[in-house]
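This is structure-v2.txt (compact mmCIF, C-alpha atoms).
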# COMPACT_ATOMS: atom_id res chain seq x y z
CA MET B 614 222.56 403.62 90.69
CA ALA B 615 225.06 400.80 91.16
CA LYS B 616 225.58 399.53 94.69
CA ILE B 617 229.36 399.72 95.10
CA GLU B 618 231.12 399.19 98.41
CA PRO B 619 233.92 401.51 99.60
CA ILE B 620 236.41 398.63 99.93
CA VAL B 621 239.52 398.77 97.75
CA GLY B 622 241.86 395.79 97.44
CA ARG B 623 245.57 395.99 96.63
CA TYR B 624 248.73 393.90 96.69
CA ILE B 625 251.95 394.83 98.44
CA TRP B 626 255.32 393.07 98.47
CA VAL B 627 256.43 392.69 102.08
CA PRO B 628 260.07 391.82 102.83
CA TYR B 629 260.48 389.70 105.95
CA GLU B 630 263.46 387.62 107.03
CA GLY B 631 264.94 387.21 103.56
CA THR B 632 261.70 386.49 101.71
CA GLU B 633 259.39 388.84 99.85
CA TYR B 634 255.73 388.06 100.39
CA ARG B 635 253.03 389.20 97.98
CA MET B 636 250.29 390.16 100.41
CA TYR B 637 246.75 391.17 99.65
CA PHE B 638 244.92 393.73 101.74
CA GLU B 639 241.66 395.58 101.57
CA GLU B 640 241.09 399.00 102.97
CA ALA B 641 238.43 401.61 103.45
CA GLY B 642 237.79 404.61 105.61
CA ASN B 643 239.57 407.87 106.31
CA PRO B 644 243.01 407.91 104.60
CA ASN B 645 244.20 410.33 107.28
CA GLY B 646 242.50 408.49 110.11
CA ILE B 647 244.01 406.20 112.70
CA PRO B 648 245.38 403.15 110.89
CA MET B 649 243.81 399.92 112.10
CA ILE B 650 244.99 396.53 110.87
CA CYS B 651 242.38 393.77 111.09
CA LEU B 652 243.55 390.15 111.44
CA HIS B 653 241.45 387.21 110.31
CA THR B 654 240.93 383.96 112.18
CA ALA B 655 242.77 380.69 111.51
CA GLY B 656 242.49 379.16 108.06
CA THR B 657 240.55 381.93 106.41
CA ASP B 658 241.11 385.48 105.18
CA GLY B 659 240.31 389.16 105.45
CA ARG B 660 236.82 388.83 103.99
CA GLU B 661 235.68 388.26 107.56
CA TRP B 662 236.01 392.03 108.12
CA ARG B 663 233.92 393.19 105.17
CA HIS B 664 231.17 394.62 107.36
CA GLN B 665 233.53 396.73 109.44
CA LEU B 666 235.23 397.95 106.25
CA CYS B 667 231.85 399.21 105.07
CA ASP B 668 230.75 400.80 108.33
CA GLU B 669 230.52 404.58 108.04
CA LYS B 670 230.84 405.12 111.76
CA ILE B 671 234.10 403.16 111.90
CA ASN B 672 235.38 404.62 108.64
CA LYS B 673 234.95 408.21 109.84
CA ASP B 674 237.97 408.12 112.16
CA PHE B 675 239.90 405.07 111.02
CA ARG B 676 241.81 403.84 108.02
CA VAL B 677 240.61 400.24 108.23
CA ILE B 678 242.95 397.67 106.67
CA ALA B 679 242.15 393.95 106.51
CA ILE B 680 245.07 391.76 105.50
CA ASP B 681 245.36 388.23 104.17
CA LEU B 682 248.32 386.53 105.82
CA PRO B 683 250.66 384.74 103.40
CA ARG B 684 249.05 381.40 102.32
CA HIS B 685 245.58 382.80 103.05
CA GLY B 686 242.96 384.30 100.74
CA LYS B 687 244.66 386.13 97.90
CA SER B 688 248.11 386.20 99.53
CA ILE B 689 250.09 383.48 97.82
CA PRO B 690 252.55 381.28 99.72
CA PRO B 691 256.28 381.88 99.29
CA TYR B 692 257.32 380.43 95.92
CA GLU B 693 259.16 377.45 97.46
CA TRP B 694 256.22 376.25 99.56
CA TYR B 695 255.79 373.01 97.60
CA GLN B 696 259.27 371.76 98.49
CA GLU B 697 259.25 372.58 102.19
CA ASN B 698 260.50 369.70 104.31
CA GLU B 699 257.96 370.24 107.07
CA GLU B 700 254.26 370.86 106.91
CA TYR B 701 253.11 374.43 107.47
CA LYS B 702 253.03 375.53 111.10
CA LEU B 703 252.34 379.12 112.05
CA THR B 704 254.55 380.33 114.88
CA ALA B 705 254.12 383.32 117.16
CA LYS B 706 257.44 384.75 116.04
CA TYR B 707 256.60 384.60 112.34
CA TYR B 708 253.01 385.73 112.83
CA SER B 709 253.83 388.84 114.86
CA GLY B 710 256.83 389.57 112.63
CA ILE B 711 254.93 389.48 109.35
CA ILE B 712 252.19 391.72 110.75
CA MET B 713 254.69 394.37 111.73
CA ALA B 714 256.62 393.93 108.46
CA PHE B 715 253.36 394.61 106.61
CA SER B 716 252.78 397.71 108.73
CA LYS B 717 256.27 398.94 107.96
CA ALA B 718 255.98 398.23 104.23
CA LEU B 719 252.74 400.20 104.07
CA GLY B 720 254.30 403.03 106.07
CA LEU B 721 251.82 402.92 108.93
CA ASP B 722 252.59 404.84 112.09
CA LYS B 723 251.75 402.91 115.27
CA PRO B 724 248.57 401.26 114.03
CA VAL B 725 245.78 399.81 116.11
CA ILE B 726 245.71 396.05 115.70
CA MET B 727 242.37 394.26 115.92
CA GLY B 728 242.33 390.50 115.52
CA SER B 729 240.01 387.64 116.27
CA SER B 730 240.77 384.16 117.59
CA MET B 731 244.41 383.55 116.61
CA GLY B 732 244.37 387.23 115.61
CA GLY B 733 243.29 388.01 119.16
CA ASN B 734 245.87 385.77 120.75
CA ILE B 735 248.72 387.32 118.76
CA CYS B 736 247.83 390.65 120.35
CA LEU B 737 249.48 389.45 123.56
CA HIS B 738 252.71 388.76 121.67
CA LEU B 739 252.53 392.16 119.99
CA ALA B 740 252.05 393.80 123.38
CA ARG B 741 255.20 392.08 124.63
CA ASP B 742 257.46 392.32 121.57
CA TYR B 743 256.27 395.41 119.70
CA GLU B 744 254.81 397.71 122.34
CA ASP B 745 256.52 400.77 120.82
CA GLU B 746 255.12 400.08 117.36
CA VAL B 747 251.39 399.79 118.06
CA SER B 748 248.98 402.20 119.73
CA ALA B 749 246.20 399.89 120.92
CA LEU B 750 245.20 396.24 120.67
CA ILE B 751 241.69 394.85 120.30
CA ALA B 752 241.93 391.17 121.15
CA VAL B 753 238.72 389.49 120.05
CA GLU B 754 238.14 385.94 121.35
CA ALA B 755 241.56 385.90 122.98
CA CYS B 756 242.97 384.17 126.03
CA GLU B 757 246.28 383.04 127.48
CA TRP B 758 246.07 379.44 126.29
CA SER B 759 243.60 377.71 123.98
CA PRO B 760 244.48 374.01 123.65
CA GLY B 761 242.98 371.15 121.77
CA TRP B 762 242.55 371.71 118.06
CA HIS B 763 245.80 371.04 116.15
CA LEU B 764 244.49 367.85 114.52
CA ASP B 765 245.65 365.73 111.59
CA TRP B 766 242.02 365.25 110.51
CA LEU B 767 242.10 368.83 109.23
CA ARG B 768 244.61 367.84 106.53
CA HIS B 769 243.96 364.23 105.67
CA ALA B 770 243.85 362.57 102.27
CA HIS B 771 240.68 360.65 103.17
CA ILE B 772 238.75 363.71 104.36
CA HIS B 773 237.34 366.71 102.52
CA GLY B 774 239.41 369.53 104.03
CA GLY B 775 237.14 372.38 103.02
CA GLU B 776 233.95 370.86 104.34
CA VAL B 777 235.50 369.59 107.53
CA CYS B 778 237.34 372.81 108.40
CA ALA B 779 234.15 374.79 107.88
CA THR B 780 231.84 372.38 109.66
CA SER B 781 234.13 371.94 112.64
CA VAL B 782 233.99 375.69 113.38
CA PHE B 783 230.32 376.27 112.58
CA GLY B 784 229.18 375.55 116.13
CA LEU B 785 231.52 378.23 117.45
CA MET B 786 228.94 380.72 116.22
CA ALA B 787 225.88 381.66 118.24
CA PRO B 788 222.49 380.31 117.17
CA GLN B 789 221.16 383.86 117.45
CA SER B 790 223.52 385.06 114.71
CA PRO B 791 221.79 385.40 111.34
CA ASP B 792 221.96 382.25 109.23
CA LYS B 793 223.07 384.22 106.17
CA TYR B 794 226.17 385.45 107.98
CA ARG B 795 226.93 382.15 109.72
CA TRP B 796 226.85 380.29 106.43
CA GLU B 797 228.93 383.00 104.77
CA THR B 798 231.56 382.41 107.44
CA TRP B 799 231.27 378.66 106.76
CA TRP B 800 231.88 379.44 103.08
CA TYR B 801 235.09 381.34 103.84
CA TYR B 802 236.33 378.43 105.92
CA SER B 803 235.62 375.96 103.14
CA GLN B 804 238.07 377.80 100.88
CA GLY B 805 241.33 377.66 102.80
CA GLY B 806 244.42 376.06 101.29
CA PRO B 807 245.15 372.44 102.24
CA GLY B 808 246.71 372.20 105.69
CA ILE B 809 246.51 375.92 106.35
CA PHE B 810 243.81 375.80 109.02
CA LYS B 811 245.66 373.00 110.76
CA GLY B 812 248.95 374.89 110.48
CA ASP B 813 247.42 378.04 111.93
CA LEU B 814 246.10 376.01 114.82
CA TYR B 815 249.66 375.06 115.69
CA PHE B 816 250.00 378.66 116.80
CA TYR B 817 246.52 378.76 118.33
CA SER B 818 246.80 375.55 120.34
CA TYR B 819 250.54 375.10 120.90
CA ASP B 820 252.85 378.01 120.20
CA HIS B 821 250.58 380.50 121.93
CA ASP B 822 250.91 379.85 125.65
CA PHE B 823 250.95 383.03 127.65
CA ARG B 824 250.23 381.46 131.01
CA GLY B 825 252.49 383.17 133.54
CA GLN B 826 253.56 385.81 131.02
CA THR B 827 250.49 388.03 130.82
CA GLN B 828 251.25 389.59 134.19
CA LYS B 829 254.65 390.67 132.87
CA LEU B 830 253.26 392.86 130.08
CA SER B 831 254.15 396.46 130.81
CA GLY B 832 250.69 397.89 130.20
CA LYS B 833 252.10 400.53 127.90
CA VAL B 834 249.65 399.52 125.17
CA PRO B 835 245.98 399.25 126.10
CA ILE B 836 244.39 395.89 125.35
CA TYR B 837 240.65 395.58 124.85
CA TYR B 838 239.50 391.99 125.21
CA MET B 839 236.17 391.13 123.58
CA THR B 840 234.69 387.62 123.76
CA GLY B 841 231.32 386.15 122.83
CA VAL B 842 229.44 383.89 125.23
CA TYR B 843 229.06 381.11 122.64
CA ASP B 844 232.80 380.69 122.14
CA PHE B 845 233.53 377.17 123.42
CA ALA B 846 237.22 377.29 122.38
CA CYS B 847 237.97 380.53 124.21
CA THR B 848 235.26 380.89 126.80
CA PRO B 849 234.36 384.16 128.54
CA GLU B 850 235.97 382.78 131.70
CA MET B 851 239.25 382.21 129.85
CA THR B 852 239.23 385.76 128.51
CA GLU B 853 238.33 387.20 131.90
CA GLU B 854 241.30 385.38 133.40
CA ALA B 855 243.61 386.89 130.79
CA ALA B 856 242.18 390.35 131.33
CA ARG B 857 242.57 390.08 135.09
CA ASN B 858 246.26 389.41 134.52
CA THR B 859 246.76 392.25 132.01
CA LYS B 860 247.59 395.77 133.09
CA ASN B 861 245.79 398.59 131.27
CA SER B 862 243.13 396.28 129.86
CA GLU B 863 239.35 396.07 129.59
CA CYS B 864 237.24 392.96 129.25
CA ILE B 865 234.01 393.03 127.29
CA ILE B 866 231.84 389.91 127.24
CA MET B 867 229.40 389.95 124.34
CA GLU B 868 225.97 388.33 124.64
CA GLU B 869 224.37 386.23 121.90
CA ILE B 870 227.50 385.99 119.77
CA GLY B 871 230.31 383.49 119.28
CA HIS B 872 233.87 383.08 118.04
CA PHE B 873 233.53 385.08 114.79
CA PRO B 874 231.79 388.28 115.95
CA MET B 875 232.81 390.48 113.03
CA SER B 876 231.43 388.13 110.39
CA GLU B 877 228.73 386.08 112.16
CA ASN B 878 226.80 389.05 113.53
CA PRO B 879 228.34 392.38 112.52
CA GLU B 880 225.46 394.47 113.83
CA VAL B 881 225.81 393.10 117.36
CA PHE B 882 229.60 393.14 117.26
CA ASN B 883 229.82 396.70 116.01
CA ARG B 884 227.58 397.87 118.85
CA TYR B 885 230.17 396.49 121.28
CA LEU B 886 233.05 397.79 119.18
CA TYR B 887 232.00 401.44 118.80
CA PRO B 888 232.69 402.42 122.45
CA VAL B 889 236.13 400.80 122.24
CA LEU B 890 236.97 402.75 119.11
CA GLU B 891 235.69 405.96 120.70
CA LYS B 892 238.16 405.45 123.56
CA ILE B 893 240.99 404.91 121.10
CA VAL B 894 240.05 408.08 119.20
CA ALA B 895 239.86 410.06 122.45
CA ALA B 896 243.29 408.79 123.51
CA ALA B 897 244.76 409.80 120.16
CA LYS B 898 243.61 413.43 120.49
CA MET C 1402 212.42 362.37 125.19
CA PHE C 1403 214.99 360.07 123.56
CA ASP C 1404 212.62 357.09 123.44
CA THR C 1405 211.58 355.11 120.37
CA SER C 1406 208.79 357.52 119.54
CA TRP C 1407 211.17 360.48 119.63
CA MET C 1408 213.71 358.60 117.51
CA THR C 1409 211.03 357.83 114.94
CA ARG C 1410 210.17 361.52 114.66
CA TRP C 1411 213.86 362.40 114.29
CA GLN C 1412 214.23 359.70 111.62
CA SER C 1413 211.37 361.29 109.72
CA ALA C 1414 212.84 364.79 110.10
CA VAL C 1415 216.15 363.58 108.63
CA ASN C 1416 214.65 361.49 105.85
CA THR C 1417 212.33 364.24 104.62
CA ASN C 1418 214.86 367.07 104.86
CA GLY C 1419 215.61 368.67 101.50
CA PRO C 1420 219.36 369.48 101.76
CA MET C 1421 220.01 366.12 103.43
CA SER C 1422 219.00 364.46 100.17
CA TRP C 1423 222.27 365.65 98.58
CA LEU C 1424 224.45 366.41 101.62
CA GLY C 1425 224.07 362.84 102.79
CA LYS C 1426 224.71 361.03 99.54
CA HIS C 1427 227.87 359.38 100.88
CA LEU C 1428 226.83 359.00 104.51
CA THR C 1429 226.60 355.27 105.12
CA ALA C 1430 227.58 354.34 108.65
CA ASP C 1431 226.35 352.73 111.85
CA ILE C 1432 226.47 355.07 114.83
CA LEU C 1433 225.67 354.52 118.48
CA LEU C 1434 223.95 357.47 120.12
CA GLY C 1435 224.02 357.39 123.90
CA PHE C 1436 221.50 359.63 125.63
CA GLY C 1437 222.55 358.92 129.19
CA GLU C 1438 221.53 355.33 129.94
CA LYS C 1439 219.40 355.06 126.79
CA GLN C 1440 221.31 353.92 123.73
CA PHE C 1441 220.38 353.46 120.08
CA VAL C 1442 222.36 352.21 117.12
CA VAL C 1443 221.42 354.27 114.08
CA ASN C 1444 221.99 352.86 110.59
CA PHE C 1445 222.59 355.64 108.08
CA ARG C 1446 222.34 354.56 104.45
CA ASN C 1447 223.08 357.17 101.76
CA GLY C 1448 222.04 359.94 104.10
CA LYS C 1449 218.81 358.34 105.28
CA VAL C 1450 218.22 356.90 108.71
CA ALA C 1451 217.40 353.47 107.32
CA SER C 1452 216.78 351.95 110.73
CA PHE C 1453 217.61 352.18 114.40
CA THR C 1454 217.43 349.89 117.38
CA ASP C 1455 217.68 350.00 121.13
CA GLN C 1456 218.03 346.21 121.28
CA LEU C 1457 221.77 346.07 121.64
CA GLY C 1458 223.36 342.65 121.91
CA PRO C 1459 226.38 340.58 120.97
CA GLU C 1460 225.57 340.93 117.28
CA THR C 1461 224.98 344.69 117.26
CA CYS C 1462 227.78 346.40 115.35
CA TYR C 1463 228.59 350.06 115.06
CA GLN C 1464 231.59 352.12 114.00
CA LEU C 1465 231.35 355.13 116.21
CA ALA C 1466 229.67 356.04 119.48
CA LEU C 1467 228.63 359.50 120.65
CA LYS C 1468 227.66 359.46 124.31
CA ALA C 1469 226.54 362.30 126.53
CA PRO C 1470 224.22 362.73 129.51
CA ALA C 1471 220.57 363.01 128.50
CA GLU C 1472 220.52 366.49 130.07
CA SER C 1473 223.27 367.63 127.68
CA TRP C 1474 221.45 366.25 124.64
CA ALA C 1475 218.25 367.91 125.85
CA LYS C 1476 220.00 371.29 125.89
CA PHE C 1477 221.48 370.56 122.47
CA CYS C 1478 217.95 369.93 121.18
CA GLU C 1479 216.50 373.21 122.42
CA LYS C 1480 215.35 375.57 119.67
CA MET C 1481 217.88 378.12 120.96
CA PRO C 1482 220.48 375.98 122.72
CA PRO C 1483 222.56 377.63 125.46
CA PRO C 1484 226.31 378.30 125.18
CA MET C 1485 228.50 375.19 125.29
CA TYR C 1486 225.57 372.96 124.19
CA ASN C 1487 224.73 374.35 120.74
CA ASP C 1488 226.95 371.99 118.75
CA ILE C 1489 228.49 368.53 118.91
CA TRP C 1490 231.97 370.04 119.21
CA ALA C 1491 230.79 372.53 121.81
CA MET C 1492 229.95 369.51 123.97
CA ALA C 1493 232.89 367.34 122.87
CA HIS C 1494 235.73 369.89 122.92
CA PRO C 1495 238.53 368.75 125.24
CA LEU C 1496 237.92 371.83 127.39
CA HIS C 1497 234.39 370.66 128.18
CA GLY C 1498 234.09 366.91 127.66
CA ARG C 1499 230.32 366.68 128.00
CA LEU C 1500 230.11 364.37 124.98
CA GLN C 1501 232.39 361.38 124.55
CA MET C 1502 233.38 360.00 121.15
CA GLU C 1503 234.46 356.38 120.93
CA GLY C 1504 235.42 354.15 118.03
CA ASP C 1505 236.49 355.04 114.51
CA GLN C 1506 236.53 358.82 114.63
CA LYS C 1507 237.54 359.00 110.98
CA VAL C 1508 233.94 358.09 110.17
CA LEU C 1509 232.85 361.27 111.93
CA TRP C 1510 235.41 363.48 110.21
CA GLN C 1511 234.62 362.03 106.79
CA ASN C 1512 230.91 362.57 107.22
CA MET C 1513 230.85 365.54 109.54
CA ARG C 1514 228.83 367.89 107.38
CA ALA C 1515 226.00 365.45 106.73
CA MET C 1516 226.10 363.94 110.19
CA PHE C 1517 225.95 367.28 112.00
CA TRP C 1518 223.18 368.41 109.67
CA ALA C 1519 221.25 365.28 110.64
CA PHE C 1520 221.83 365.91 114.36
CA ASP C 1521 220.63 369.50 113.97
CA ARG C 1522 217.30 368.06 112.84
CA MET C 1523 216.82 366.92 116.45
CA ARG C 1524 215.70 370.50 117.13
CA GLU C 1525 212.72 369.89 114.85
CA VAL C 1526 211.44 366.87 116.77
Could you take the file, read its structure, and then write that structure out as structure tokens?
Amino acid sequence: MAKIEPIVGRYIWVPYEGTEYRMYFEEAGNPNGIPMICLHTAGTDGREWRHQLCDEKINKDFRVIAIDLPRHGKSIPPYEWYQENEEYKLTAKYYSGIIMAFSKALGLDKPVIMGSSMGGNICLHLARDYEDEVSALIAVEACEWSPGWHLDWLRHAHIHGGEVCATSVFGLMAPQSPDKYRWETWWYYSQGGPGIFKGDLYFYSYDHDFRGQTQKLSGKVPIYYMTGVYDFACTPEMTEEAARNTKNSECIIMEEIGHFPMSENPEVFNRYLYPVLEKIVAAAK
Amino acid sequence: MFDTSWMTRWQSAVNTNGPMSWLGKHLTADILLGFGEKQFVVNFRNGKVASFTDQLGPETCYQLALKAPAESWAKFCEKMPPPMYNDIWAMAHPLHGRLQMEGDQKVLWQNMRAMFWAFDRMREV
């Protein structure tokens, strides 16, 4: 009997601000379940969520959808990318806008958004700018401000971009996480397009600065913060500070895991995730 | 810890490591490692620790220095290092600043994979 996973991948054309983007997404789970969009970390793609897409417990109640942002994974850049006058820089406005444009194109009704790292940080922007269009936010490895990593070394003609992007994030994972999954995450990072990790970190380290704004979120959408103790870029203390300032939020600190919980140690992460998803299911009934 | 005997054992761990034989093919650089007050200049040649010295003088040259308190390096070297000490960047990230990098940092970025692999061998000493 062949061992075939339940994941199905498809392409969708997403119109956003005058451009049509050919975006790749993978999905699994209950087609009539609660839609949940999963956002990858900077410089990589939706493969990070493969374990959650294959988890029967998650799939029972959710339609799990992992997207590749434009320029990431199998989502090609806009056709004119090679003649852009400025290097790629992800902005909060574009990032949140393209997520919601994807949701609209796929016809999703108030999805849950779960993202990690930059995908976690964008949850704060979604809570502020799209609170009527999402039902819950799971902000993994998220905080109000995460400085320090928008570096030219990450796109430099004298440096191997793939190896250096992957190696520079490897230590963000916990030593307790299985080697096979840590090095799989390294592999994903080694395959990003040139300058894409750096460009994503423009959002992560510069354009995302929610200091003084988190308190102003209405609290209409629940936010579940989840951070691993080995995350040195977004420490548990930084997440706890954000959660303290966020109405209608919970803060979950995860032991023996780092910045890429879903891919570096899916068994441990899912154990922390199940109770969050149960609360979302209960609220939906 | 972090004396000549320890450095010799680390040198052996690096030079006999299987993946290092191909990961380090292009790693040729002179690096100062500062373990608190104790400092060594390590001469990498094609991925091998060809030599090292703690006799630093006017003629000792190196391209890059990595300096941290000995206590920080000791945590880094634990078999299961604690959070914020498990990686060079964990210690060097601007948020934490436990490890200082000085000199030509391009050398580090160009050789990061092999260099970090070599440093991870410190946990085998």
For chain B, which residues have at least one atom within 12 Å of chain C, if we go by all atoms listed in the file? Write them as a ChimeraX atom specification, please. /B:758-790,799,803,818,841-851,868-872
Requested write-out: C-alpha atoms of the selected residues, as a compact mmCIF listing (two decimals), keeping the file's coordinate frame:
# COMPACT_ATOMS: atom_id res chain seq x y z
CA TRP B 758 246.07 379.44 126.29
CA SER B 759 243.60 377.71 123.98
CA PRO B 760 244.48 374.01 123.65
CA GLY B 761 242.98 371.15 121.77
CA TRP B 762 242.55 371.71 118.06
CA HIS B 763 245.80 371.04 116.15
CA LEU B 764 244.49 367.85 114.52
CA ASP B 765 245.65 365.73 111.59
CA TRP B 766 242.02 365.25 110.51
CA LEU B 767 242.10 368.83 109.23
CA ARG B 768 244.61 367.84 106.53
CA HIS B 769 243.96 364.23 105.67
CA ALA B 770 243.85 362.57 102.27
CA HIS B 771 240.68 360.65 103.17
CA ILE B 772 238.75 363.71 104.36
CA HIS B 773 237.34 366.71 102.52
CA GLY B 774 239.41 369.53 104.03
CA GLY B 775 237.14 372.38 103.02
CA GLU B 776 233.95 370.86 104.34
CA VAL B 777 235.50 369.59 107.53
CA CYS B 778 237.34 372.81 108.40
CA ALA B 779 234.15 374.79 107.88
CA THR B 780 231.84 372.38 109.66
CA SER B 781 234.13 371.94 112.64
CA VAL B 782 233.99 375.69 113.38
CA PHE B 783 230.32 376.27 112.58
CA GLY B 784 229.18 375.55 116.13
CA LEU B 785 231.52 378.23 117.45
CA MET B 786 228.94 380.72 116.22
CA ALA B 787 225.88 381.66 118.24
CA PRO B 788 222.49 380.31 117.17
CA GLN B 789 221.16 383.86 117.45
CA SER B 790 223.52 385.06 114.71
CA TRP B 799 231.27 378.66 106.76
CA SER B 803 235.62 375.96 103.14
CA SER B 818 246.80 375.55 120.34
CA GLY B 841 231.32 386.15 122.83
CA VAL B 842 229.44 383.89 125.23
CA TYR B 843 229.06 381.11 122.64
CA ASP B 844 232.80 380.69 122.14
CA PHE B 845 233.53 377.17 123.42
CA ALA B 846 237.22 377.29 122.38
CA CYS B 847 237.97 380.53 124.21
CA THR B 848 235.26 380.89 126.80
CA PRO B 849 234.36 384.16 128.54
CA GLU B 850 235.97 382.78 131.70
CA MET B 851 239.25 382.21 129.85
CA GLU B 868 225.97 388.33 124.64
CA GLU B 869 224.37 386.23 121.90
CA ILE B 870 227.50 385.99 119.77
CA GLY B 871 230.31 383.49 119.28
CA HIS B 872 233.87 383.08 118.04
Pick out the closest residue to Tyr708 in chain B from this set: B:Cys756, B:Tyr637, B:Tyr629, B:Phe882. Count only C-alpha atoms.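 Once distances to Tyr708 in chain B are computed over only C-alpha atoms, the minimum belongs to B:Tyr629.
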So that I can see what lies close to Ile689 in chain B, please list as a ChimeraX atom specification the residues with an atom at most 9 Å from it, counting all atoms listed in the file and leaving out residues fewer than 5 positions away in the same chain. /B:634-637,682-684
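You will find CA of Met1502 in chain C at 17.5 Å from CA of Phe1445 in chain C.
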As a PyMOL selection string, please: the residues near range 1402-1405 of chain C (cut-off 10 Å, only C-alpha atoms, same-chain neighbours under 3 positions excluded). chain C and resi 1408-1411+1434-1437+1439-1441+1453-1455+1471+1474-1475+1526
Record the distance separating CA of Val621 in chain B and CA of Phe810 in chain B, expressed in Å with one decimal.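 Those two atoms sit 25.9 Å apart.
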What's the 7 Å shell around Ala1430 in chain C, counting all atoms listed in the file, without same-chain residues fewer than 2 positions away, as a list in words? Leu1428, Ile1432, Asn1444, Phe1445 and Arg1446 of chain C
